[in-house]
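Enquirer: Could you have a look at this structure, given as structure tokens, before my questions?
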Amino acid sequence: MATMIDGESYVGRVLMRPLSQSGDLRLYLWPLRCLKSQMGGPTFGIDIKGEEMLRFDAHGPRGHWHKGGYDKLGAGGSHQDFPEGVVETASQLAWSLAHLRAHGQQLLADAGHPAAAAALDPAMLEVALADVVAHLDKEGDLRSHAIARGVLVA
């Protein structure tokens with residue numbers, strides 16, 4: 001799972017789901033990641049044996065995603081903007097889930113992990129993506145709690 005950064009707040013229960021039969025390939029979700037800049041939203045991604053490969057930060061106007069190996073390239077080297085017009089947290093989350101569903105294997109191969117790309121189980125990915133949506137629904141409105149605690153601005 002991705003490394004938590006000092007000074008950031010993580011609200012809600014973390015979700016982890018296997019994406020391969022071996023369990024080496026996993027999806028993680030932080031329901032609400034509050035950045036030092038007091039903005040945030042859900043963050044999810046894929047790791048291989050604990051090394052983060054892909055990350056999607058659905059954080060509204062400053063939301064973005066990372067490809068090519070987040071841990072290998074760093075935040076600046078892997079940073080990707082969402083497509084034009086994808087600016088709201090909900091639309092970023094929907095785009096991210098669809099993008100991972102359609103391109104997950106290619107994204108892992110492009111990050112230099114062809115074996116992980118081949119090991120990505122499409123059925124397990126579908127279950128994990130559905131679990132992301134269900135988990136976020138179950139966690140509820142975490143933003144209001146974070147705003148009340150002063151870790152996010154309204």
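Simple scheme: letters A, B, ... for chains in structure tokens order, numbers from 1 for residues in each chain, numbers from 1 for ligands in the order shown.
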Would you list the contacts of stretch 116-119 of chain A as a list in words, taking every protein, DNA or RNA residue within 12 Å and counting only C-alpha atoms, but skipping same-chain residues closer than 5 positions in sequence?
Expert: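 Those residues are Pro18, Leu19, Ser20, Gln21, Ser22, Gly23, Asp24, Leu25, Arg26, Ile46, Asp47, Ile48, Lys49, Glu51, Met53, Leu100, His103, Gly104, Gln105, Gln106, Leu107, Leu108, Ala109, Asp110, Ala111, Met124 and Leu125 of chain A.
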Enquirer: Kindly save the residues from that selection, with N, CA, C and O atoms included, as a short mmCIF file (atom, residue, chain, number, x, y, z; two decimals), in the first residue's frame.
Expert:
data_model
loop_
_atom_site.label_atom_id
_atom_site.label_comp_id
_atom_site.auth_asym_id
_atom_site.auth_seq_id
_atom_site.Cartn_x
_atom_site.Cartn_y
_atom_site.Cartn_z
N PRO A 18 -7.26 -8.02 -3.22
CA PRO A 18 -6.30 -8.66 -4.12
C PRO A 18 -6.78 -8.54 -5.57
O PRO A 18 -7.97 -8.54 -5.84
N LEU A 19 -5.79 -8.45 -6.47
CA LEU A 19 -6.10 -8.37 -7.90
C LEU A 19 -5.47 -9.50 -8.69
O LEU A 19 -5.59 -9.56 -9.91
N SER A 20 -4.75 -10.38 -7.98
CA SER A 20 -4.13 -11.53 -8.63
C SER A 20 -4.30 -12.74 -7.71
O SER A 20 -4.52 -12.60 -6.51
N GLN A 21 -4.21 -13.92 -8.29
CA GLN A 21 -4.37 -15.14 -7.51
C GLN A 21 -3.32 -15.26 -6.41
O GLN A 21 -3.59 -15.76 -5.33
N SER A 22 -2.10 -14.77 -6.66
CA SER A 22 -1.02 -14.85 -5.67
C SER A 22 -1.22 -13.84 -4.54
O SER A 22 -0.65 -14.00 -3.46
N GLY A 23 -2.00 -12.78 -4.78
CA GLY A 23 -2.18 -11.73 -3.80
C GLY A 23 -1.08 -10.68 -3.82
O GLY A 23 -1.10 -9.73 -3.03
N ASP A 24 -0.10 -10.83 -4.71
CA ASP A 24 1.00 -9.87 -4.80
C ASP A 24 0.55 -8.54 -5.41
O ASP A 24 1.16 -7.50 -5.17
N LEU A 25 -0.49 -8.58 -6.20
CA LEU A 25 -1.04 -7.40 -6.85
C LEU A 25 -2.30 -7.03 -6.09
O LEU A 25 -3.22 -7.84 -5.96
N ARG A 26 -2.33 -5.78 -5.55
CA ARG A 26 -3.45 -5.38 -4.70
C ARG A 26 -3.94 -3.98 -5.04
O ARG A 26 -3.16 -3.14 -5.47
N ILE A 46 -2.86 0.86 -7.11
CA ILE A 46 -2.44 -0.54 -7.20
C ILE A 46 -0.99 -0.63 -6.78
O ILE A 46 -0.15 0.19 -7.19
N ASP A 47 -0.71 -1.63 -5.95
CA ASP A 47 0.68 -1.91 -5.62
C ASP A 47 1.03 -3.35 -5.97
O ASP A 47 0.14 -4.20 -6.12
N ILE A 48 2.31 -3.58 -6.14
CA ILE A 48 2.85 -4.92 -6.38
C ILE A 48 3.82 -5.20 -5.24
O ILE A 48 4.85 -4.52 -5.13
N LYS A 49 3.47 -6.14 -4.39
CA LYS A 49 4.29 -6.48 -3.22
C LYS A 49 4.66 -5.23 -2.44
O LYS A 49 5.79 -5.07 -1.98
N GLU A 51 4.95 -2.11 -3.52
CA GLU A 51 5.48 -1.00 -4.31
C GLU A 51 4.34 -0.40 -5.13
O GLU A 51 3.71 -1.08 -5.94
N MET A 53 2.35 1.31 -7.91
CA MET A 53 2.48 1.47 -9.36
C MET A 53 1.57 2.56 -9.91
O MET A 53 1.98 3.36 -10.74
N LEU A 100 -8.99 2.40 -15.20
CA LEU A 100 -8.31 1.23 -14.66
C LEU A 100 -8.91 -0.05 -15.22
O LEU A 100 -8.18 -0.98 -15.58
N HIS A 103 -7.71 -0.14 -19.00
CA HIS A 103 -6.29 -0.06 -19.33
C HIS A 103 -5.36 -0.60 -18.23
O HIS A 103 -4.14 -0.38 -18.32
N GLY A 104 -5.90 -1.26 -17.23
CA GLY A 104 -5.08 -1.72 -16.10
C GLY A 104 -3.88 -2.55 -16.51
O GLY A 104 -2.76 -2.30 -16.05
N GLN A 105 -4.09 -3.52 -17.37
CA GLN A 105 -2.98 -4.38 -17.79
C GLN A 105 -1.92 -3.58 -18.53
O GLN A 105 -0.72 -3.74 -18.27
N GLN A 106 -2.33 -2.70 -19.43
CA GLN A 106 -1.37 -1.90 -20.18
C GLN A 106 -0.62 -0.94 -19.27
O GLN A 106 0.59 -0.74 -19.43
N LEU A 107 -1.32 -0.34 -18.30
CA LEU A 107 -0.66 0.58 -17.37
C LEU A 107 0.42 -0.13 -16.55
O LEU A 107 1.50 0.42 -16.31
N LEU A 108 0.13 -1.36 -16.12
CA LEU A 108 1.13 -2.13 -15.38
C LEU A 108 2.31 -2.52 -16.25
O LEU A 108 3.46 -2.45 -15.83
N ALA A 109 2.03 -2.92 -17.49
CA ALA A 109 3.11 -3.26 -18.42
C ALA A 109 3.97 -2.03 -18.70
O ALA A 109 5.20 -2.11 -18.71
N ASP A 110 3.33 -0.88 -18.92
CA ASP A 110 4.06 0.36 -19.19
C ASP A 110 4.93 0.78 -18.00
O ASP A 110 5.94 1.45 -18.18
N ALA A 111 4.53 0.37 -16.79
CA ALA A 111 5.30 0.68 -15.59
C ALA A 111 6.48 -0.28 -15.41
O ALA A 111 7.20 -0.19 -14.42
N MET A 124 -11.28 -10.43 -10.57
CA MET A 124 -10.90 -9.86 -9.27
C MET A 124 -10.88 -8.33 -9.34
O MET A 124 -11.26 -7.65 -8.38
N LEU A 125 -10.47 -7.79 -10.49
CA LEU A 125 -10.48 -6.34 -10.67
C LEU A 125 -11.91 -5.81 -10.62
O LEU A 125 -12.17 -4.80 -9.96
#
Enquirer: Please, which residues of stretch 9-98 of chain A, numbered as in this document, come out strand (DSSP E) from DSSP, as a ChimeraX atom specification?
Expert: /A:9-11,15-18,25-34,40-48,51-57,64-66,79-81
Enquirer: Env of A:Arg101: 10 Å cut, atoms = only C-alpha atoms, seq-sep filter 3 positions within chain, self excluded. Answer as a VMD selection string.
Expert: chain A and resid 95 to 98 104 to 105 122 125 to 126 129
Enquirer: Mind writing the picked residues with N, CA and C atoms as a PDB file, in the first residue's frame?
Expert:
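Saved result, part.pdb, follows:
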ATOM      1  N   TRP A  95     -14.095   8.356 -13.824  1.00  0.00           N
ATOM      2  CA  TRP A  95     -13.109   8.232 -14.892  1.00  0.00           C
ATOM      3  C   TRP A  95     -11.994   7.273 -14.481  1.00  0.00           C
ATOM      4  N   SER A  96     -11.514   7.400 -13.250  1.00  0.00           N
ATOM      5  CA  SER A  96     -10.415   6.560 -12.760  1.00  0.00           C
ATOM      6  C   SER A  96     -10.797   5.089 -12.751  1.00  0.00           C
ATOM      7  N   LEU A  97     -11.983   4.778 -12.266  1.00  0.00           N
ATOM      8  CA  LEU A  97     -12.442   3.386 -12.234  1.00  0.00           C
ATOM      9  C   LEU A  97     -12.555   2.831 -13.651  1.00  0.00           C
ATOM     10  N   ALA A  98     -13.131   3.614 -14.553  1.00  0.00           N
ATOM     11  CA  ALA A  98     -13.280   3.166 -15.948  1.00  0.00           C
ATOM     12  C   ALA A  98     -11.915   3.025 -16.623  1.00  0.00           C
ATOM     13  N   GLY A 104      -5.897  -1.261 -17.230  1.00  0.00           N
ATOM     14  CA  GLY A 104      -5.083  -1.719 -16.105  1.00  0.00           C
ATOM     15  C   GLY A 104      -3.881  -2.549 -16.509  1.00  0.00           C
ATOM     16  N   GLN A 105      -4.094  -3.524 -17.371  1.00  0.00           N
ATOM     17  CA  GLN A 105      -2.979  -4.377 -17.786  1.00  0.00           C
ATOM     18  C   GLN A 105      -1.917  -3.576 -18.531  1.00  0.00           C
ATOM     19  N   PRO A 122      -9.042 -10.190 -14.354  1.00  0.00           N
ATOM     20  CA  PRO A 122     -10.162  -9.286 -14.678  1.00  0.00           C
ATOM     21  C   PRO A 122     -11.356  -9.443 -13.734  1.00  0.00           C
ATOM     22  N   LEU A 125     -10.468  -7.789 -10.486  1.00  0.00           N
ATOM     23  CA  LEU A 125     -10.478  -6.342 -10.671  1.00  0.00           C
ATOM     24  C   LEU A 125     -11.906  -5.809 -10.618  1.00  0.00           C
ATOM     25  N   GLU A 126     -12.830  -6.479 -11.284  1.00  0.00           N
ATOM     26  CA  GLU A 126     -14.232  -6.048 -11.263  1.00  0.00           C
ATOM     27  C   GLU A 126     -14.790  -6.030  -9.842  1.00  0.00           C
ATOM     28  N   LEU A 129     -13.176  -3.069  -7.929  1.00  0.00           N
ATOM     29  CA  LEU A 129     -13.709  -1.767  -8.330  1.00  0.00           C
ATOM     30  C   LEU A 129     -15.119  -1.556  -7.781  1.00  0.00           C
TER      31      LEU A 129
END
Enquirer: So how far away is atom CA of A:Glu8 from atom CA of A:Cys34, in Å?
Expert: 5.6 Å
Enquirer: Report, in Å with one decimal, the straight-line distance from atom CA of A:Trp30 to atom CA of A:Leu120.
Expert: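 Here the two named atoms are 21.1 Å from each other.
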Enquirer: For A:Tyr28, which residue out of A:Gly85, A:Pro42, A:Gly68, A:Pro61 is the nearest one, using only C-alpha atoms?
Expert: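 Among the listed residues, the smallest separation from A:Tyr28 belongs to A:Pro42.
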Enquirer: Mind giving me the straight-line distance from atom CA of A:His64 to atom CA of A:Phe82 in Å, one decimal?
Expert: 5.4 Å
Enquirer: Applying 12 Å and only C-alpha atoms, which residues near A:Arg62 remain after dropping the ones on its own chain fewer than 2 positions away? List them as a PyMOL selection string.
Expert: chain A and resi 35+37-41+56-60+64-65+79-82+86-89+92
Enquirer: So, counting only C-alpha atoms, which residue among A:Glu52, A:Thr43, A:Leu27, A:Gly76 is closest to A:Tyr10?
Expert: A:Thr43
